[in-house]
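Student: Quick one: structure below, then a few questions.
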Protein chains: 4
Amino acid sequence: MNESQQERLRSLRRDLHSYPEPAWREFYTTSRIVDELERIGVDQLHLGRDVVDADARMAVPDDDELDAWRTKAREAGAREDVLEAANGGFTGALAVVEQGEGPTVALRVDIDALPIREADSAAHAPAAAGFRSGNEGYMHACGHDAHATIGLGVLEAVKESDFRGTFKVVFQPAEEVIGGGKAVAESGHLDDVDHLLAIHVGLDHPTGEIVAGVGGFLAVRQFEATFSGETAHAGGHPAQGRDAVQALATAVQNLHAIRRHGEGATRVNAGVVEGGTATNIVPGEATLEGEVRGETTPLKEYMSGRADTVMSSAAEIHDCEVAIETTAEAPSAVSDDTLADVVYKMADTVPGVTSRLRTDDLGGSEDATYLMDRVQNHGGTATFVGIGTDHPGGHHTPTFDVDEDSLAIGVDVVTGAVRRLSE
Amino acid sequence: MNESQQERLRSLRRDLHSYPEPAWREFYTTSRIVDELERIGVDQLHLGRDVVDADARMAVPDDDELDAWRTKAREAGAREDVLEAANGGFTGALAVVEQGEGPTVALRVDIDALPIREADSAAHAPAAAGFRSGNEGYMHACGHDAHATIGLGVLEAVKESDFRGTFKVVFQPAEEVIGGGKAVAESGHLDDVDHLLAIHVGLDHPTGEIVAGVGGFLAVRQFEATFSGETAHAGGHPAQGRDAVQALATAVQNLHAIRRHGEGATRVNAGVVEGGTATNIVPGEATLEGEVRGETTPLKEYMSGRADTVMSSAAEIHDCEVAIETTAEAPSAVSDDTLADVVYKMADTVPGVTSRLRTDDLGGSEDATYLMDRVQNHGGTATFVGIGTDHPGGHHTPTFDVDEDSLAIGVDVVTGAVRRLSE
Amino acid sequence: MNESQQERLRSLRRDLHSYPEPAWREFYTTSRIVDELERIGVDQLHLGRDVVDADARMAVPDDDELDAWRTKAREAGAREDVLEAANGGFTGALAVVEQGEGPTVALRVDIDALPIREADSAAHAPAAAGFRSGNEGYMHACGHDAHATIGLGVLEAVKESDFRGTFKVVFQPAEEVIGGGKAVAESGHLDDVDHLLAIHVGLDHPTGEIVAGVGGFLAVRQFEATFSGETAHAGGHPAQGRDAVQALATAVQNLHAIRRHGEGATRVNAGVVEGGTATNIVPGEATLEGEVRGETTPLKEYMSGRADTVMSSAAEIHDCEVAIETTAEAPSAVSDDTLADVVYKMADTVPGVTSRLRTDDLGGSEDATYLMDRVQNHGGTATFVGIGTDHPGGHHTPTFDVDEDSLAIGVDVVTGAVRRLSE
Amino acid sequence: MNESQQERLRSLRRDLHSYPEPAWREFYTTSRIVDELERIGVDQLHLGRDVVDADARMAVPDDDELDAWRTKAREAGAREDVLEAANGGFTGALAVVEQGEGPTVALRVDIDALPIREADSAAHAPAAAGFRSGNEGYMHACGHDAHATIGLGVLEAVKESDFRGTFKVVFQPAEEVIGGGKAVAESGHLDDVDHLLAIHVGLDHPTGEIVAGVGGFLAVRQFEATFSGETAHAGGHPAQGRDAVQALATAVQNLHAIRRHGEGATRVNAGVVEGGTATNIVPGEATLEGEVRGETTPLKEYMSGRADTVMSSAAEIHDCEVAIETTAEAPSAVSDDTLADVVYKMADTVPGVTSRLRTDDLGGSEDATYLMDRVQNHGGTATFVGIGTDHPGGHHTPTFDVDEDSLAIGVDVVTGAVRRLSE
């Protein structure tokens, strides 16, 4: 990759970084991506409701919230045609280039940001170099700005290469809330894909290191439980109350006490609790936002089923009701060895790659698993590729940043693998 | 009361004290009572199934246990006719004297002992004087030996007095397990009673003090809950188990957490727990013996209903089942002011009475409340009379003893009240 | 009381009602009271830091909050001299009239409002008659507007009467947060008081009914506990977190499980809980606002000591810390029979009084108990008088209102009692 | 191996099977082993206190229990010299043959039985063939009878072979209670060992299958916690009690709620609970027998440290004390690849071996890990070898049995490996 191409990647990434947008609100980001796609020239461009199965979207904010970000994006210069298509939170894009006979290969990148306030110290490169978040309180703290950039870089490179076949790039919204993967998977766009690559930068791997087939995805279910009882004066009529906070407390204790499983790792977390209105009132309502995970999808199902029982019975103990809503969900997935091998071998030939790992554990969750599952269930193969990048702060922290040298490496590795797949 | 009468009371009490028998196993005790009743001469003598409603008995031991005590009583010299009538644990007796026109008055005394090993030190009078328990591990540690003695003393004194009317004395079995009161009440024997007196010695009142109308009976329900799950190897297959001890622990925590009630005192106790078989096995079964109480019967019902919900939902949380059995139960009750007044005034005229209390709280439970309730519901009045006695050790402790001087006081106060009621 | 006097009471009450101010923020209210006191003419007028022991104040809001209300009061026409004296939340007033030799009698009324939005339907008299709360979100929903009015009415009537002695009226701030009573008590102003009367309207007693000596005050302690642990990613590093929500849940469960007490009623409530930041983050902080109560002050102390142990040990279980702050506290108290008798007898002579109760239970908490305790500990007597008033909605609800006819009855009963005490 | 050798193995195994002895009570078993060792002829024979570090023994029964089994063994014909050496529960033996220059190789077998009643149906081979347990209630339900037999068979075969070096066989007592491994390890007998083999039959592997290097040992700690509070009458003085069952319940709930660990599997079990004496008594004492495990020793330490904190703080919550005793403990361990490879290759040459696994997970705990650790820490290598055997019932069930054909296979595989190590 020549210097001007690298400069273009860097510049694009900085533009996206300076305008972080959270899940389902990536209006400006999508607009910017479409600008690039038009510059590159693609054979098909899917936007809005054409990218996803609308009913399968999860964790979509309410209309007021969506509209506020859409209006802001308009003011920031987002294209009216994109805003129109994305109305209702239908952000994201899917581009296709068709280059004759050959396999159908897809690349999935995600594009959303996090509700984190970015560091503003001089030690934080984006602050020092002037491309720190302009949307105060939001930040590209997990590198999805780099992902979108690499996705565009690969698309351009593949288009200009000798690749024979069909190449699709999915710019997926709402990964951070595990909300978009399922909706993209169920759109059917990937059902004809022979090989799917998904990528992630960083993950504690330094610039120059490539992980050919990441594993260890924890299947996850996130939920919100609302316990409802009845208020009463705690001094005068304590037994007239039905105490939603007692129900909550019993649920929290017993969620963590769900028995470990002999077949693999499980997780449970009661992440956010809130309840009651006054010291002297028996609390009539309480909410719990929590999650369960499993090393495999069945292990997640085990935890999920047990959690439902725990919460509903804990409510019963205290004569309360509970409404449980699943807010996000993702299966586990496995990178295919054969496809990971292609990446592994390819990586060795890429300038800048100094270290290769055949595999490594993610130890977290990712809704790319929905896409991987979908492709594999339709007879294709999939792998999740780690692109090392030096990152000063950890993922999801205010000082996270990417080493922009890794952008070109990422583009080259993925492009190389895509080309190899058509040979 | 003359000296020889007092000596007879003392001697009888010591005989009963030396042969303590627990609930539903008072075979020798009943036989000894019948001996006295025959000596005194009564108009009606009810034994065995004639004393109780057989179906209303609670906490009856199994046949082997009953037979063992019955055999032992036979060896100790119990009468064959009484043993025959009492077969199957139908202990206790009801004696009636009919002395012409007048009110029907009843006295209830209880006769069973406790599973406590009696003190054997020289400082403990029964040990020093040679009438310590001969049934090792069992003891009259709550004065029911004195109660039976006073009951017989009153019967004899009333018979020889100018009392006009009908006088019934109930020698009730199984008070300590709250098992006999309901069965006697439901026998119907008390349905025609105009005035019921029940008595208790001690209760922290010294010899010479009389409490005319004890109150503060806590309604009570005792239960046994058996949690059933499924065992599994705790190392290899922890999630294959359904953990009965976790269910038990959740139940215990939440039983105590039943909200206090604005209308009065409540109690809860998880008294005995047991579960599991081995350190490395997920426990498949666990039992809980507990109780709830209330200052009134509705408050006990509140606790009882909540306790059932807590235990069944706690079982559900851990995918277990629970079977809950009520082992004993008694309502609350209130001593009638008018009847207590008779006792209060009468007591003032009795030699040896040095202090009178109009009322005092029991602060515990008693199944005499079933009888009091029954009489009151049929239009009669009832009171529970405290007969003070110096007791070195507390009730239900190995050094409990009664001051035998209080026997005559008790007989005189109750006899006086009974006579007064026919005036 | 003549019609114009009654009209004045009504008018004053409506003015106060239309400008409700919450605890320690009664700037306008105090100003308005001072207006009246100057009109009446008093011998001593204590304001600001002279009314309370500054260190004994509890639950005082922060300076910003105080300043905002003070500024608002200024705009509403509050007197500059009062605003000056009350700076820093030193609201309330204490007036003294000295009428020669005789006993020192005191009356305590409270003056603060509640954070409740007042009903605005036509069925709600203050809305219909145009004196509904002008401070949206705040409301005199417990009748303290009537209390202040009655206090001024009594002061004027006593001053014009044949009362010999010293009469003090305390206009106490911050009763609703149990924050002001202790500070007034510790000011020492009441140490020479022979007889203290405190009043409350309503309490489910209709207009015309007087309760001479309210009892059943529950001693109370309110607290805020902050549990601190350490956040971690719930998927990747669950054991690196120290979970403040687990600590909270264990605390809630075990607070309710504090054993009932044999000597009287106790209460516990975990009223408000909040904790954690995200579904997938181990919660690092959680807060609990709760309270314990007891039928007597020692019972409250029992609950309080156990609660501290429960919370600190619950924190330890989950490797967290907890900081517990007492936000409000009040002892129990007993109305003196002799003083209540004076009120009881007096009430019989007052026009409009149609029913008298010797005593009744409050079943809640009140920080008048601090003042009653203080007076009693210095050799005086105290009683808490209930002034019945028809109230359509319950206390602390949006439709609460007082029957203004009860204002004159209250003034007459209390004035009569005060005069009787100097005879 | 010829037929008469095989017959000798079978006969020996049946003798041991018919006389099962539990941990530290293997008096007859040891005597029988010594008979065989004398027949074979060994260069060193260590017995009694020479086999173990006496202070490192865990879970030793009390003297009465030990003496009863010793007396029984004498009556069954155990040798007096062995009984003398084993007095005090010092069962087990260590035999050494010295055959010149060469490596020091060791084999560890365990010899104790379980407190399980053996099946007596005709379908259960030991019952049908007349060698069912003669010690009713105890059973060789985990194949240690086969282990001891194979140990003797290997010793004899090695002695007669061309093996050059020193060969030690440890007949370890008390594996089932994880009580003997540490004591043998700390005896120092294995400190000069170059290669240690430990074996186990079955483990769901059929006859003919060999696992060269078993892994997945869970490090374990078993403990007994005694919670002590204070009894009180649950009706009259509930708050005077300090409730050990509440402490226990809080501990059980929170033990299971110890957070999962990101670095590997953990386990926790509250296996046996017991507490309280009567329904109406606040329980003053309660016990908990439980365990924690970890995939690695540090993970076990994490669980162990958290468990101690949970139990001591749970006691504090309820104003109780707790005494925690570690009753058994074992580290995790890893089979060395190089040594497992020797077994794996060797197995291929043994008649009857039809399937070989390089490794498999135990998924449980074993105190052979102490010996493996010890050898590895002194520079040697160790592997845990699985010898497949068809077993009709699962391990630790009444119908467990071994296929005696696997005895010869086990002897041949281990002997072959030992010989190979001296080449």
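In the structure tokens, the first chain shown is A, the next is B, and so on; residue numbers restart at 1 for each chain, and ligands run from 1 in the order shown.
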Contacts of segment 109-119 of chain D at 6 Å or less, counting only C-alpha atoms, minus same-chain residues fewer than 2 places along, as a JSON list (two decimals) with C-alpha atoms, in the first residue's frame?

Tutor:
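New file around.json:
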```json
[["chain", "number", "residue", "atom", "x", "y", "z"],
["D", 20, "PRO", "CA", -13.37, -53.68, 51.84],
["D", 21, "GLU", "CA", -11.94, -51.29, 54.43],
["D", 22, "PRO", "CA", -12.39, -47.52, 54.42],
["D", 23, "ALA", "CA", -9.73, -44.82, 54.75],
["D", 121, "SER", "CA", -28.70, -58.95, 43.19],
["D", 137, "GLY", "CA", -22.14, -51.11, 54.33],
["D", 138, "TYR", "CA", -18.67, -50.88, 52.79],
["D", 139, "MET", "CA", -17.65, -51.65, 49.27],
["D", 140, "HIS", "CA", -14.80, -51.47, 46.78],
["D", 144, "HIS", "CA", -9.04, -49.86, 44.46],
["D", 147, "HIS", "CA", -5.41, -51.11, 41.84],
["D", 148, "ALA", "CA", -3.74, -52.97, 44.68],
["D", 171, "PHE", "CA", 0.17, -48.85, 48.33],
["D", 172, "GLN", "CA", -1.45, -45.61, 49.50],
["D", 173, "PRO", "CA", -4.21, -45.54, 52.11],
["D", 174, "ALA", "CA", -7.10, -43.09, 52.38],
["D", 398, "PRO", "CA", -23.59, -50.16, 44.46],
["D", 399, "THR", "CA", -23.30, -51.95, 41.13]]
```

Student: Give me the chain D side of the contact with chain C, cut-off 9 Å, one line per residue showing its nearest atom pair and distance in Å at one decimal, counting only C-alpha atoms, sorted by chain and residue number, as JSON lines.

Tutor:
```
{"residue": "D:Ala234", "atom": "CA", "partner": "C:Gly262", "partner_atom": "CA", "distance": 8.9}
{"residue": "D:Gly235", "atom": "CA", "partner": "C:Gly262", "partner_atom": "CA", "distance": 7.6}
{"residue": "D:Gly236", "atom": "CA", "partner": "C:Gly262", "partner_atom": "CA", "distance": 5.7}
{"residue": "D:His237", "atom": "CA", "partner": "C:Gly262", "partner_atom": "CA", "distance": 4.8}
{"residue": "D:Pro238", "atom": "CA", "partner": "C:His261", "partner_atom": "CA", "distance": 5.8}
{"residue": "D:Ala239", "atom": "CA", "partner": "C:His261", "partner_atom": "CA", "distance": 4.8}
{"residue": "D:Gln240", "atom": "CA", "partner": "C:His261", "partner_atom": "CA", "distance": 8.0}
{"residue": "D:Gly241", "atom": "CA", "partner": "C:Arg259", "partner_atom": "CA", "distance": 8.5}
{"residue": "D:Arg242", "atom": "CA", "partner": "C:Arg259", "partner_atom": "CA", "distance": 8.9}
{"residue": "D:Asp243", "atom": "CA", "partner": "C:Arg259", "partner_atom": "CA", "distance": 8.7}
{"residue": "D:Gln246", "atom": "CA", "partner": "C:Ala257", "partner_atom": "CA", "distance": 8.4}
{"residue": "D:Thr250", "atom": "CA", "partner": "C:Asn254", "partner_atom": "CA", "distance": 8.1}
{"residue": "D:Ala251", "atom": "CA", "partner": "C:Ile317", "partner_atom": "CA", "distance": 9.0}
{"residue": "D:Asn254", "atom": "CA", "partner": "C:Ile317", "partner_atom": "CA", "distance": 7.6}
{"residue": "D:Ala257", "atom": "CA", "partner": "C:Gln246", "partner_atom": "CA", "distance": 8.4}
{"residue": "D:Ile258", "atom": "CA", "partner": "C:His318", "partner_atom": "CA", "distance": 8.0}
{"residue": "D:Arg259", "atom": "CA", "partner": "C:Ala239", "partner_atom": "CA", "distance": 5.6}
{"residue": "D:Arg260", "atom": "CA", "partner": "C:Ala239", "partner_atom": "CA", "distance": 6.0}
{"residue": "D:His261", "atom": "CA", "partner": "C:Ala239", "partner_atom": "CA", "distance": 4.8}
{"residue": "D:Gly262", "atom": "CA", "partner": "C:His237", "partner_atom": "CA", "distance": 4.8}
{"residue": "D:Glu263", "atom": "CA", "partner": "C:His237", "partner_atom": "CA", "distance": 7.9}
{"residue": "D:Arg306", "atom": "CA", "partner": "C:Ile317", "partner_atom": "CA", "distance": 8.0}
{"residue": "D:Ala307", "atom": "CA", "partner": "C:Ile317", "partner_atom": "CA", "distance": 8.8}
{"residue": "D:Thr309", "atom": "CA", "partner": "C:Ile317", "partner_atom": "CA", "distance": 5.8}
{"residue": "D:Val310", "atom": "CA", "partner": "C:Ile317", "partner_atom": "CA", "distance": 4.6}
{"residue": "D:Met311", "atom": "CA", "partner": "C:Ile317", "partner_atom": "CA", "distance": 7.8}
{"residue": "D:Ser312", "atom": "CA", "partner": "C:Ile317", "partner_atom": "CA", "distance": 8.1}
{"residue": "D:Ser313", "atom": "CA", "partner": "C:Ser313", "partner_atom": "CA", "distance": 5.1}
{"residue": "D:Ala314", "atom": "CA", "partner": "C:Ser313", "partner_atom": "CA", "distance": 6.9}
{"residue": "D:Ala315", "atom": "CA", "partner": "C:Ser313", "partner_atom": "CA", "distance": 8.6}
{"residue": "D:Glu316", "atom": "CA", "partner": "C:Ser313", "partner_atom": "CA", "distance": 6.2}
{"residue": "D:Ile317", "atom": "CA", "partner": "C:Val310", "partner_atom": "CA", "distance": 4.6}
{"residue": "D:His318", "atom": "CA", "partner": "C:Val310", "partner_atom": "CA", "distance": 7.4}
{"residue": "D:Asp319", "atom": "CA", "partner": "C:Thr309", "partner_atom": "CA", "distance": 8.1}
```

Student: List the spatial neighbours of Ser187 of chain C as number ranges by chain - criterion: any atom at most 12 Å away, only C-alpha atoms, same-chain residues fewer than 5 positions off excluded.

Tutor: C: 46, 48-57, 94, 170, 172, 180-182, 192, 370-371, 374

Student: Please produce a file of the residues just selected, as a short mmCIF file (atom, residue, chain, number, x, y, z; two decimals), in the first residue's frame, where the atoms kept are C-alpha atoms.

Tutor:
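Contents of part_0.cif, as written:
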```cif
data_model
loop_
_atom_site.label_atom_id
_atom_site.label_comp_id
_atom_site.auth_asym_id
_atom_site.auth_seq_id
_atom_site.Cartn_x
_atom_site.Cartn_y
_atom_site.Cartn_z
CA HIS C 46 -35.48 34.01 68.09
CA GLY C 48 -31.81 31.69 62.49
CA ARG C 49 -28.95 30.18 64.48
CA ASP C 50 -30.66 31.23 67.70
CA VAL C 51 -33.41 28.66 67.22
CA VAL C 52 -31.29 25.54 66.98
CA ASP C 53 -28.04 23.86 67.92
CA ALA C 54 -26.37 24.18 64.51
CA ASP C 55 -24.36 20.95 64.91
CA ALA C 56 -27.41 18.88 65.72
CA ARG C 57 -29.22 19.58 62.48
CA LEU C 94 -39.22 30.69 68.39
CA VAL C 170 -41.58 26.79 68.50
CA GLN C 172 -39.84 23.95 63.97
CA GLY C 180 -35.08 19.56 62.95
CA GLY C 181 -36.39 18.17 66.24
CA LYS C 182 -33.04 17.24 67.66
CA ASP C 192 -37.00 25.44 81.56
CA TYR C 370 -36.80 14.84 70.86
CA LEU C 371 -38.52 17.85 72.39
CA ARG C 374 -35.86 16.91 76.53
#
```

Student: How would you write, as a compact mmCIF listing (two decimals) with N, CA and C atoms, in the first residue's frame, the set of residues in segment 17-222 of chain A that DSSP gives as strand (DSSP E)?

Tutor:
```txt
# COMPACT_ATOMS: atom_id res chain seq x y z
N GLN A 44 -23.53 -3.13 -6.00
CA GLN A 44 -24.79 -3.02 -5.26
C GLN A 44 -24.52 -2.24 -3.99
N LEU A 45 -25.47 -1.43 -3.59
CA LEU A 45 -25.35 -0.72 -2.32
C LEU A 45 -26.70 -0.82 -1.60
N HIS A 46 -26.70 -1.53 -0.49
CA HIS A 46 -27.92 -1.68 0.30
C HIS A 46 -27.87 -0.75 1.49
N LEU A 47 -28.99 -0.05 1.70
CA LEU A 47 -29.07 0.89 2.83
C LEU A 47 -30.38 0.66 3.57
N ALA A 93 -24.72 -0.27 6.29
CA ALA A 93 -24.74 -0.40 4.83
C ALA A 93 -24.15 -1.75 4.43
N LEU A 94 -24.48 -2.18 3.23
CA LEU A 94 -23.92 -3.41 2.71
C LEU A 94 -23.57 -3.17 1.25
N ALA A 95 -22.27 -3.34 0.93
CA ALA A 95 -21.79 -3.08 -0.43
C ALA A 95 -21.35 -4.38 -1.08
N VAL A 96 -21.61 -4.48 -2.39
CA VAL A 96 -21.25 -5.69 -3.12
C VAL A 96 -20.48 -5.33 -4.39
N VAL A 97 -19.37 -6.01 -4.59
CA VAL A 97 -18.70 -5.89 -5.89
C VAL A 97 -18.72 -7.27 -6.54
N GLU A 98 -19.04 -7.26 -7.82
CA GLU A 98 -19.17 -8.53 -8.55
C GLU A 98 -18.10 -8.57 -9.61
N GLN A 99 -17.22 -9.56 -9.50
CA GLN A 99 -16.10 -9.62 -10.44
C GLN A 99 -16.04 -10.99 -11.11
N THR A 104 -18.27 -16.52 -3.34
CA THR A 104 -18.80 -15.33 -2.69
C THR A 104 -18.13 -15.21 -1.32
N VAL A 105 -17.41 -14.11 -1.17
CA VAL A 105 -16.67 -13.88 0.07
C VAL A 105 -17.24 -12.63 0.71
N ALA A 106 -17.32 -12.65 2.06
CA ALA A 106 -17.85 -11.46 2.75
C ALA A 106 -16.93 -11.03 3.87
N LEU A 107 -16.96 -9.74 4.12
CA LEU A 107 -16.23 -9.17 5.24
C LEU A 107 -17.24 -8.41 6.09
N ARG A 108 -17.19 -8.62 7.40
CA ARG A 108 -18.09 -7.89 8.29
C ARG A 108 -17.27 -6.98 9.20
N VAL A 109 -17.64 -5.69 9.18
CA VAL A 109 -17.05 -4.74 10.13
C VAL A 109 -18.21 -4.05 10.86
N ASP A 110 -17.93 -3.60 12.07
CA ASP A 110 -18.97 -2.91 12.84
C ASP A 110 -18.59 -1.44 12.97
N GLY A 165 -14.99 -13.39 -8.41
CA GLY A 165 -16.10 -13.83 -7.58
C GLY A 165 -16.90 -12.63 -7.11
N THR A 166 -17.64 -12.83 -6.02
CA THR A 166 -18.45 -11.76 -5.47
C THR A 166 -17.92 -11.42 -4.09
N PHE A 167 -17.79 -10.12 -3.82
CA PHE A 167 -17.28 -9.71 -2.52
C PHE A 167 -18.27 -8.74 -1.88
N LYS A 168 -18.65 -9.06 -0.64
CA LYS A 168 -19.62 -8.24 0.08
C LYS A 168 -18.96 -7.69 1.34
N VAL A 169 -19.21 -6.43 1.59
CA VAL A 169 -18.76 -5.88 2.88
C VAL A 169 -19.98 -5.37 3.63
N VAL A 170 -20.14 -5.91 4.86
CA VAL A 170 -21.23 -5.48 5.74
C VAL A 170 -20.69 -4.45 6.72
N PHE A 171 -21.29 -3.26 6.71
CA PHE A 171 -20.97 -2.25 7.72
C PHE A 171 -22.10 -2.32 8.76
N GLN A 172 -21.87 -3.16 9.80
CA GLN A 172 -22.96 -3.52 10.72
C GLN A 172 -23.14 -2.49 11.85
N HIS A 195 -17.42 -17.80 2.19
CA HIS A 195 -16.42 -17.56 3.24
C HIS A 195 -16.67 -16.19 3.87
N LEU A 196 -16.79 -16.18 5.17
CA LEU A 196 -17.01 -14.91 5.88
C LEU A 196 -15.81 -14.60 6.76
N LEU A 197 -15.33 -13.39 6.63
CA LEU A 197 -14.29 -12.90 7.54
C LEU A 197 -14.89 -11.78 8.39
N ALA A 198 -14.64 -11.84 9.70
CA ALA A 198 -14.99 -10.71 10.55
C ALA A 198 -13.69 -10.29 11.21
N ILE A 199 -13.57 -9.02 11.54
CA ILE A 199 -12.28 -8.58 12.09
C ILE A 199 -12.48 -7.78 13.37
N HIS A 200 -11.42 -7.75 14.17
CA HIS A 200 -11.39 -6.85 15.32
C HIS A 200 -9.94 -6.42 15.55
N VAL A 201 -9.76 -5.13 15.81
CA VAL A 201 -8.40 -4.64 16.11
C VAL A 201 -8.13 -4.79 17.61
N GLU A 209 0.79 -8.13 14.98
CA GLU A 209 0.38 -9.49 15.32
C GLU A 209 -1.00 -9.77 14.72
N ILE A 210 -1.13 -10.95 14.17
CA ILE A 210 -2.40 -11.36 13.56
C ILE A 210 -2.89 -12.65 14.24
N VAL A 211 -4.17 -12.68 14.60
CA VAL A 211 -4.77 -13.93 15.09
C VAL A 211 -5.70 -14.44 13.99
N ALA A 212 -5.37 -15.61 13.46
CA ALA A 212 -6.05 -16.08 12.26
C ALA A 212 -7.48 -16.52 12.51
N GLY A 213 -7.71 -17.11 13.69
CA GLY A 213 -9.06 -17.61 13.96
C GLY A 213 -9.39 -17.47 15.45
N VAL A 214 -9.94 -16.32 15.82
CA VAL A 214 -10.27 -16.10 17.21
C VAL A 214 -11.38 -17.07 17.65
N GLY A 215 -11.27 -17.58 18.87
CA GLY A 215 -12.31 -18.45 19.43
C GLY A 215 -12.71 -17.94 20.81
N ALA A 219 -21.36 -17.12 24.43
CA ALA A 219 -22.74 -16.81 24.08
C ALA A 219 -23.32 -15.96 25.20
N VAL A 220 -24.18 -15.05 24.86
CA VAL A 220 -24.65 -14.12 25.88
C VAL A 220 -26.14 -13.82 25.72
N ARG A 221 -26.78 -13.57 26.85
CA ARG A 221 -28.13 -13.01 26.84
C ARG A 221 -28.15 -11.89 27.87
N GLN A 222 -28.60 -10.73 27.44
CA GLN A 222 -28.78 -9.63 28.37
C GLN A 222 -30.27 -9.43 28.58
```

Student: I'd like to know which of D:Asp405, D:Glu3, D:Asp194, D:Asp145 is closest to Ser422 of chain D, using only C-alpha atoms.

Tutor: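 Comparing D:Asp405, D:Glu3, D:Asp194, D:Asp145 against Ser422 of chain D, the winner is D:Asp194.
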
Student: Quick one: residues within 9 Å of Arg419 of chain B, only C-alpha atoms counted, chain neighbours fewer than 2 positions away excluded, as a list in words?

Tutor: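 Final neighbour list, sorted by chain and number: Val158, Ser161, Asp162, Phe163, Arg164, Val414, Thr415, Gly416, Ala417, Leu421, Ser422 and Glu423 of chain B.
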